[in-house]
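As structure tokens, the structure follows; a few thoughts come after it.
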Amino acid sequence: MDQSPGSNPSQGADQTYAYERGHGPYQPHEPGYGLDQPEYSPYDDQIPDPKARMLAIQNAKAYLLKTSTKSGLNLYDHLANVLTKILDEQPTNTADIIENISKDVKWARFHKKMDTLRDEYEILPTFEAAEKCKALFIKDIGEENEGVIEEEIGQSPLPNVMETAFYFEQAGIGLSKDESYYIFLALKNLTNVQPIQTCRFWGKILGLEMNYIIAEVQLREGEEEEEAGEEVTEEQGKGMDEVEEQDEEKEKEAEPPKSTYKPPPDIPKEANGTGANKYVYFVCNEPGKPWVKLPPVTPAQIVCARKIKKFFTGRLHAPVVSFPPFPGNEANYLRAQIARISAGTHVSPTGFYQFPEEEEEEEEGDTYEENPEFEPPPVAEMVDSLSTWAHHVKSILKQGRCVWINPQKLEEKNEDEEEEEEEEEEEMDEQQEETGPPLLTLLSEDEGIKDIPAWTAQHSTNLIPQHSVAIIQSNRWPGAYAFASGRKFENIYFGWGHKYSPENYTPTLPPPVQEEYPSGPAITEARDPTLEEELAFKAAQEALAAGEEEEEEEEQEEDD
């Protein structure tokens, strides 16, 4: 081949070999410039200009130290880390896995470092629910001797909640098996802590935030506690009277007129163990939470609860904002609704209970006992006729009590004059005594709600009626149910605690505005007289006085 003059064949071969290897030739501004000089060879003993070599090395290192705009890394550090990793681990077939090693080095560099802050511990809902119910499954040390104690005292007060749930489940009523068992364990803890004689699962009232699980109990004799702070001792009363007398003496001179109106006396609540306070009620929001004892109910709370309709929040200390104002918080309102629901929906098969022989003649007696000679009617008869069911809880009167009390007798205790007492005794005969249906009244005598019957009875199943259970539900209090199967029966409630109303709820209107005091001459303000009228009145008064003086003088002259 022809070659141009001045060309070197060996130099062209070196350049071709450099292109085949993928390196060079380098330009002066490139990092590898100077390494492919024709006068230099790595195999030669002669060393080229050191300045040019150092400049080439610095250019090459500067190129390797260029930082990537995407990852922020440079090739120099990355190759150093890759080589370090290879030399430390010394894997086999390094040339085959060099790409994977490079990826591992990059991944390790971008791995999130552990910070000094602790990660927030997330509690799963299932774990939280299990922790709440964990205490229900723990057996106390003192429960080992329960059998001996129960034999000494008598039958265990713990009810068989699972058996009751089984019967109601036949008609599709009740809670899940898990929740029923949790309530069973919660009632067991309650009977272990409180001195309870009888215990029963009353039901569950729903709330907007939390629900109420209610237990109806009877405490042992002598264990019932009265509310503290209601009664005042005689010495305290005397001291208060003396202070009031001193204050009255001081304020007699500048005392404004006082109203003579006397408000009607407060109707006292029924004693514990009688009437609406016959049972004591404990509530909790969920099984496993502590039980809270509800206070006794008062007639004023029952009367006001009939006039309002409020949803429960699930917080016992929540205020009850309503009109008319409710005298108490949500715990008192809950207790009033429990008393109303119990009085209207707790039923039993007719003849299961009977009055004791000693109290058969007493109409106001609220005690009863089981009839040992009771023979349960067939299920078909209990479904077809409401006369086979009876109320075993006394109804609440309009006064808010189960037993009527004369309010005028309460006024007599606050008055000392005998004359007033005699007058009130005469008026007492005019006031009519409230009476309600007697105890153990048949359900067939209950009044319906317009065209809706008060009760609806049905079989638990129509497919196998011979083995069904009689189920009855209240239409006046939706959510109240009862079942009967042989000698077994039970009442339960699941609902919002509201009475059924065929019409929309309308709150009570405020009382009418009082009329103004009638205007008359005695209280009418006189018009101010004018100047002429004052002068004329003054002249008339002077003339009248002068005439009187003349008459007196004439009388004196005649006497002389």
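By order in the structure tokens, chains are A, B, ...; within a chain, residues start at 1; ligands start at 1, following the order shown.
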Would you mind listing what lies within 8 Å of A:Asn332 as a PyMOL selection string, with only C-alpha atoms counted and same-chain residues fewer than 4 positions away left out?
-> chain A and resi 294-297+301+328+336
Counting only C-alpha atoms, what is within 12 Å of A:Pro159, bar same-chain residues fewer than 4 positions away, as a ChimeraX atom specification?
-> /A:155,163-165,181,183-188,190-191,196-202,215-217,490
The residue from A:Lys61, A:Gly400, A:Trp389, A:Glu433 with the smallest atom-to-atom distance to A:Asp446, counting only C-alpha atoms, is A:Trp389
Tell me which protein, DNA and RNA residues are within 8 Å of stretch 80-91 of chain A, counting only C-alpha atoms, leaving out same-chain ones fewer than 3 positions away, and put them as a VMD selection string.
-> chain A and resid 76 to 77 94 101 to 102 105
Which is closest to A:Pro376 among A:His391, A:His498, A:Lys488, A:His78, if we use only C-alpha atoms?
->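 Using only C-alpha atoms, A:Pro376 sits closest to A:Lys488.
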For atom CA of A:Tyr182 and atom CA of A:Gly288, determine how far apart the two atoms are, in Å to one decimal place.
-> 7.8 Å
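In this structure, atom CA of A:Glu131 sits 15.4 Å away from atom CA of A:Asn285.
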Report the residues of stretch 412-535 of chain A whose backbone DSSP state falls under strand (DSSP E or B), written as a ChimeraX atom specification.
-> /A:442,449,452,455-459,470-474,480-485,488-495
Determine which residues of stretch 177-399 of chain A receive a DSSP assignment of helix (DSSP H, G or I), computed from the backbone, and state them as an NGL selection string.
-> :A and (177-193 or 234-251 or 275-277 or 299-305 or 330-345 or 357-359 or 379-384 or 386-388)
I'd like the contact shell of A:Thr298 - 9 Å cut-off, only C-alpha atoms, skipping same-chain residues fewer than 6 positions apart - returned as an mmCIF file with N, CA, C and O atoms, in the first residue's frame.
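As written to disk, selection.cif reads:
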data_model
loop_
_atom_site.group_PDB
_atom_site.id
_atom_site.type_symbol
_atom_site.label_atom_id
_atom_site.label_comp_id
_atom_site.auth_asym_id
_atom_site.auth_seq_id
_atom_site.Cartn_x
_atom_site.Cartn_y
_atom_site.Cartn_z
ATOM 1 N N ILE A 267 -91.480 14.545 95.907
ATOM 2 C CA ILE A 267 -91.947 13.189 96.203
ATOM 3 C C ILE A 267 -90.723 12.336 96.566
ATOM 4 O O ILE A 267 -89.765 12.261 95.790
ATOM 5 N N PRO A 268 -90.706 11.706 97.717
ATOM 6 C CA PRO A 268 -89.516 10.923 98.106
ATOM 7 C C PRO A 268 -89.392 9.660 97.260
ATOM 8 O O PRO A 268 -90.380 9.113 96.759
ATOM 9 N N LYS A 269 -88.167 9.218 97.106
ATOM 10 C CA LYS A 269 -87.922 7.983 96.351
ATOM 11 C C LYS A 269 -88.310 6.772 97.192
ATOM 12 O O LYS A 269 -88.369 6.839 98.421
ATOM 13 N N GLU A 270 -88.563 5.686 96.512
ATOM 14 C CA GLU A 270 -88.921 4.458 97.200
ATOM 15 C C GLU A 270 -87.677 3.830 97.825
ATOM 16 O O GLU A 270 -86.565 3.936 97.286
ATOM 17 N N ALA A 276 -89.680 0.757 92.419
ATOM 18 C CA ALA A 276 -88.757 0.948 91.304
ATOM 19 C C ALA A 276 -87.311 0.702 91.706
ATOM 20 O O ALA A 276 -86.454 0.514 90.831
ATOM 21 N N ASN A 277 -87.006 0.710 93.004
ATOM 22 C CA ASN A 277 -85.651 0.444 93.495
ATOM 23 C C ASN A 277 -85.524 -0.954 94.094
ATOM 24 O O ASN A 277 -84.704 -1.183 94.987
ATOM 25 N N ASN A 332 -78.301 8.761 85.818
ATOM 26 C CA ASN A 332 -79.660 8.821 86.355
ATOM 27 C C ASN A 332 -80.705 8.577 85.265
ATOM 28 O O ASN A 332 -81.713 7.903 85.505
ATOM 29 N N ALA A 336 -83.448 5.549 85.108
ATOM 30 C CA ALA A 336 -84.887 5.795 84.943
ATOM 31 C C ALA A 336 -85.449 4.976 83.777
ATOM 32 O O ALA A 336 -86.542 4.388 83.887
ATOM 33 N N GLY A 400 -94.543 8.622 89.512
ATOM 34 C CA GLY A 400 -93.159 8.201 89.438
ATOM 35 C C GLY A 400 -92.795 7.143 90.461
ATOM 36 O O GLY A 400 -91.624 6.785 90.579
ATOM 37 N N ARG A 401 -93.785 6.658 91.187
ATOM 38 C CA ARG A 401 -93.579 5.611 92.178
ATOM 39 C C ARG A 401 -94.486 4.425 91.865
ATOM 40 O O ARG A 401 -95.491 4.562 91.160
#
